[in-house]
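Reading through the structure tokens given below for one structure.
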Amino acid sequence: MNNRIPGVIRLHFRDKFTWLYLPWIIALLNMAVNLLVSVFLTETMIYSGGIATIYVFLLVMGILSMNQPFALALGFGLRRTDYYWGTMATAVVMSVLYAVLTMAFGAVERWTNYWWERMRFFDVPYFNDGSLPEQFVVMLSFMLHFFLIGFVVSCTYRRFGRNGLFILFSALMLALMIAAYACMYYGWWDDIFGWLAGNTAFETSLWLFLPTAAYALIAYALMRRTTA
Amino acid sequence: MNPIVEVQGFTKSYRDVHALDNVSFTLSENKIYGLLGRNGAGKTTLMRIITAQVFATAGTVRVFGETPYENDRVLRRICFIKESQKYPDTFRIADVLETAASVFPNWDRELALSLAEQFRLPLKRKMKNLSRGMHSSVGIVIGLASRAPLTIFDEPYLGLDAVARTLFYDRLLEDYAEYPRTIVLSTHLIDEVSRLLEHIFVIDGGRLILDEDADALRGRAFTVVGPAARVDALTSRMRPIDRTMLGGLVSATFWGKLDADERRRLEAEGLELAPVSLQQMIVRLTNGKFDGKAVSGE
């Protein structure tokens, strides 16, 4: 009965350039610069990992998608709930696409023997250690994580304004500082780093779904009361 | 007549400022309403609460018999065109129209394209590069082509020239005749829209100070035009609420209703009876709170 969610997805994909081309233009430009540098460093291989830009890009898209498209959707009488699910669906679809593309570029990278032993850009040690499905899950998890960080921050801004963000980040800094001191005092750092080092990227990415889901819940609660 | 919108005791406060103060009214099916008031009177806030875009501090609203908040059955039957609507920077006019097409169930694509052509909208131009007038025209195209059972235009013609405004009124009446719906025109320009309006609300300082049928309103006063001496003979008996001179002619407006006898007697005296402008009436009824002058631009 409800066909408004596809309307929201279409609303996002109206901006094809930003969603489809822009991240890859950024990534490939970044790669060109890295390759140029590697020409002068003939002796060593560069572990660039420049594909990290794609995660930053998702963070930015998470922030932006609660801004102008949301104002338009609300203005056109779409429900906040439908906008939420439509936006989440868009983020998932795009993350899947980006993950597949990253893996495809990674395959080319391995096939050319890391661009003739110059650098590793798409295919990085540890992150790309598992099987192909595992690598896919790792990327998807990190991409959604970054998108939702941006989204939940933007929702906080929409709901509580500038002061809301100040308070949120101040509280967050304080909490992190206290946690860091507690870890130091009780000697938990070794355990934490030990646990992280013992995990494969795949295991860590599975755990990462937990905070991602928490952001998603908080964002939903916040945006239900936003105004435009 | 089915009530389309029922508002009970709307109050909206921002700290100690009352944007709206205990506003109540009802909108019926298939009528054209005028929501008049100066800039900052609370018109936009009122419309935004009805469409669940902002929340009232107190009061209730029912639209199509239901609460509009997060209610798709209600929201999909409303088209609210607001002057302050923001569009994504990357969107061209064509993108906005395509989005509208996928959102409004009664969207008429042909009407939208023909209107866009009449308003001379460059479909490939980005929204952020449009002039104020073109921006308004896009809103008008959406408002008309969406054919929503409740269509609200909030200051729809900022920056539009006279030709484009007339085009808007004509196309609105044309399409309204063919597809009746409830239309709310919120504006501070009374004179131009007065011929369209069937019912009038005036809002000032967040309070609803007038809620009356347009014809009844017009009938509450009359204007007499004639040679100065004759009209002045009349004004010595009755106090006019307005008197203007035009060469040797004087036009005077009086409160009250004329019956057929009085009408004949005045006409026998060589005086002419003219309709009262809604603007004049409203200025009077609101004790000059509404001066009806175009505060253009912003």
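Letters A, B, ... mark the chains of the structure tokens in the order given; residue numbers begin at 1 per chain; ligand numbers begin at 1, in order shown.
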If the cut-off is 10 Å, can you tell me the residues of chain B near chain A, counting only C-alpha atoms? I'd like them as JSON, numbers by chain.
{"B": [48, 49, 51, 52, 53, 54, 55, 68, 69, 70, 71, 72, 73, 74, 75, 76, 77, 78, 79, 80, 81, 82, 84, 85, 86, 87, 88, 89, 90, 91, 92, 94, 95, 96, 98, 99, 100, 101, 102, 103, 104, 142]}
Return as a ChimeraX atom specification the full set of residues in stretch 22-183 of chain A whose backbone-based DSSP assignment is helix (DSSP H, G or I).
/A:22-40,50-64,68-75,80-111,113-117,132-183
For the residues in that selection, give me C-alpha atoms as a compact mmCIF listing (two decimals), in the first residue's frame.
```txt
# COMPACT_ATOMS: atom_id res chain seq x y z
CA LEU A 22 31.99 11.69 -7.67
CA PRO A 23 33.46 9.12 -5.21
CA TRP A 24 35.24 7.31 -8.03
CA ILE A 25 36.53 10.52 -9.55
CA ILE A 26 37.99 11.36 -6.14
CA ALA A 27 39.39 7.86 -5.64
CA LEU A 28 40.94 7.63 -9.11
CA LEU A 29 42.47 11.10 -8.88
CA ASN A 30 43.91 10.12 -5.53
CA MET A 31 45.29 6.97 -7.13
CA ALA A 32 46.86 8.94 -9.99
CA VAL A 33 48.71 11.12 -7.49
CA ASN A 34 49.87 8.03 -5.58
CA LEU A 35 51.06 6.36 -8.76
CA LEU A 36 52.99 9.48 -9.70
CA VAL A 37 54.71 9.50 -6.32
CA SER A 38 55.51 5.78 -6.65
CA VAL A 39 57.35 6.51 -9.90
CA PHE A 40 59.93 8.43 -7.90
CA GLY A 50 43.86 5.56 -0.60
CA ILE A 51 40.52 3.85 -1.06
CA ALA A 52 39.79 5.10 2.47
CA THR A 53 38.43 8.20 0.70
CA ILE A 54 35.32 6.18 -0.11
CA TYR A 55 34.55 5.82 3.61
CA VAL A 56 35.03 9.53 4.19
CA PHE A 57 32.75 10.11 1.21
CA LEU A 58 30.04 8.01 2.85
CA LEU A 59 30.42 9.96 6.07
CA VAL A 60 29.84 13.17 4.14
CA MET A 61 26.86 11.69 2.29
CA GLY A 62 25.39 10.66 5.63
CA ILE A 63 25.58 14.26 6.77
CA LEU A 64 24.26 15.71 3.50
CA GLN A 68 18.64 19.44 1.42
CA PRO A 69 16.92 16.26 0.18
CA PHE A 70 15.19 15.93 3.54
CA ALA A 71 13.88 19.50 3.39
CA LEU A 72 12.46 18.77 -0.05
CA ALA A 73 10.92 15.45 0.99
CA LEU A 74 9.20 16.98 3.99
CA GLY A 75 8.08 19.93 1.87
CA ARG A 80 9.76 11.20 8.04
CA THR A 81 9.58 7.41 8.47
CA ASP A 82 9.46 6.87 4.71
CA TYR A 83 12.34 9.26 4.23
CA TYR A 84 14.33 7.32 6.82
CA TRP A 85 13.80 3.93 5.24
CA GLY A 86 14.29 5.26 1.72
CA THR A 87 17.57 6.86 2.76
CA MET A 88 18.75 3.71 4.55
CA ALA A 89 17.90 1.67 1.46
CA THR A 90 19.85 4.13 -0.69
CA ALA A 91 22.85 3.88 1.64
CA VAL A 92 22.78 0.07 1.58
CA VAL A 93 22.43 -0.12 -2.21
CA MET A 94 25.28 2.35 -2.72
CA SER A 95 27.52 0.64 -0.16
CA VAL A 96 26.99 -2.70 -1.88
CA LEU A 97 27.86 -1.12 -5.20
CA TYR A 98 30.95 0.63 -3.81
CA ALA A 99 32.10 -2.57 -2.09
CA VAL A 100 31.76 -4.58 -5.29
CA LEU A 101 33.57 -1.90 -7.28
CA THR A 102 36.36 -1.70 -4.71
CA MET A 103 36.77 -5.47 -4.90
CA ALA A 104 36.79 -5.33 -8.70
CA PHE A 105 39.50 -2.66 -8.68
CA GLY A 106 41.30 -4.74 -6.05
CA ALA A 107 41.22 -7.72 -8.38
CA VAL A 108 42.77 -5.64 -11.16
CA GLU A 109 45.35 -4.46 -8.65
CA ARG A 110 46.37 -8.02 -7.73
CA TRP A 111 46.27 -9.10 -11.39
CA ASN A 113 50.85 -7.42 -9.39
CA TYR A 114 50.03 -4.23 -7.50
CA TRP A 115 50.49 -1.90 -10.47
CA TRP A 116 53.83 -3.48 -11.29
CA GLU A 117 54.96 -3.52 -7.69
CA LEU A 132 35.81 -12.69 -1.04
CA PRO A 133 32.44 -12.81 0.81
CA GLU A 134 34.28 -11.89 4.02
CA GLN A 135 35.97 -8.95 2.34
CA PHE A 136 32.61 -7.86 1.02
CA VAL A 137 31.08 -7.90 4.52
CA VAL A 138 34.05 -6.00 5.94
CA MET A 139 33.66 -3.20 3.42
CA LEU A 140 29.88 -3.08 3.68
CA SER A 141 30.07 -2.89 7.47
CA PHE A 142 32.62 -0.08 7.50
CA MET A 143 30.79 1.85 4.80
CA LEU A 144 27.44 1.70 6.60
CA HIS A 145 29.19 2.57 9.84
CA PHE A 146 30.60 5.75 8.36
CA PHE A 147 27.36 6.67 6.60
CA LEU A 148 25.42 6.33 9.84
CA ILE A 149 27.91 8.34 11.86
CA GLY A 150 27.32 11.20 9.44
CA PHE A 151 23.58 10.61 9.45
CA VAL A 152 23.17 10.52 13.22
CA VAL A 153 25.30 13.65 13.65
CA SER A 154 23.18 15.43 11.05
CA CYS A 155 19.98 14.26 12.76
CA THR A 156 21.26 15.66 16.05
CA TYR A 157 21.91 18.97 14.36
CA ARG A 158 18.44 19.00 12.76
CA ARG A 159 16.75 18.17 16.03
CA PHE A 160 18.75 20.17 18.56
CA GLY A 161 20.59 22.74 16.44
CA ARG A 162 24.12 23.98 16.85
CA ASN A 163 24.02 23.89 20.64
CA GLY A 164 22.87 20.28 20.50
CA LEU A 165 25.99 19.38 18.52
CA PHE A 166 28.23 21.30 20.93
CA ILE A 167 26.77 19.47 23.89
CA LEU A 168 26.89 16.10 22.13
CA PHE A 169 30.54 16.43 21.17
CA SER A 170 31.55 17.88 24.54
CA ALA A 171 29.84 14.99 26.31
CA LEU A 172 31.43 12.53 23.90
CA MET A 173 34.92 13.96 24.45
CA LEU A 174 34.42 13.85 28.20
CA ALA A 175 33.18 10.26 28.11
CA LEU A 176 36.10 9.18 25.91
CA MET A 177 38.60 10.89 28.19
CA ILE A 178 37.18 9.26 31.29
CA ALA A 179 37.15 5.92 29.51
CA ALA A 180 40.75 6.38 28.42
CA TYR A 181 41.86 7.22 31.97
CA ALA A 182 39.92 4.26 33.32
CA CYS A 183 41.61 1.98 30.79
```
Near B:Ser28, within 9 Å and counting only C-alpha atoms, which residues show up once chain neighbours fewer than 2 positions away are dropped, as a list of chain:residue names?
B:Met1, B:Asn2, B:Pro3, B:Ile4, B:Val5, B:Glu6, B:Thr26, B:Asn30, B:Lys31, B:Thr182
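In this structure, atom CA of B:Ala116 sits 13.6 Å away from atom CA of B:Leu130.
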Let's see if you can do this: from backbone DSSP, list all strand (DSSP E or B) residues in stretch 4-253 of chain B, as a ChimeraX atom specification.
/B:4-14,17-28,32-36,58-63,66,78-82,92,126,150-154,182-187,199-204,207-213,221-227,242-246,249-253
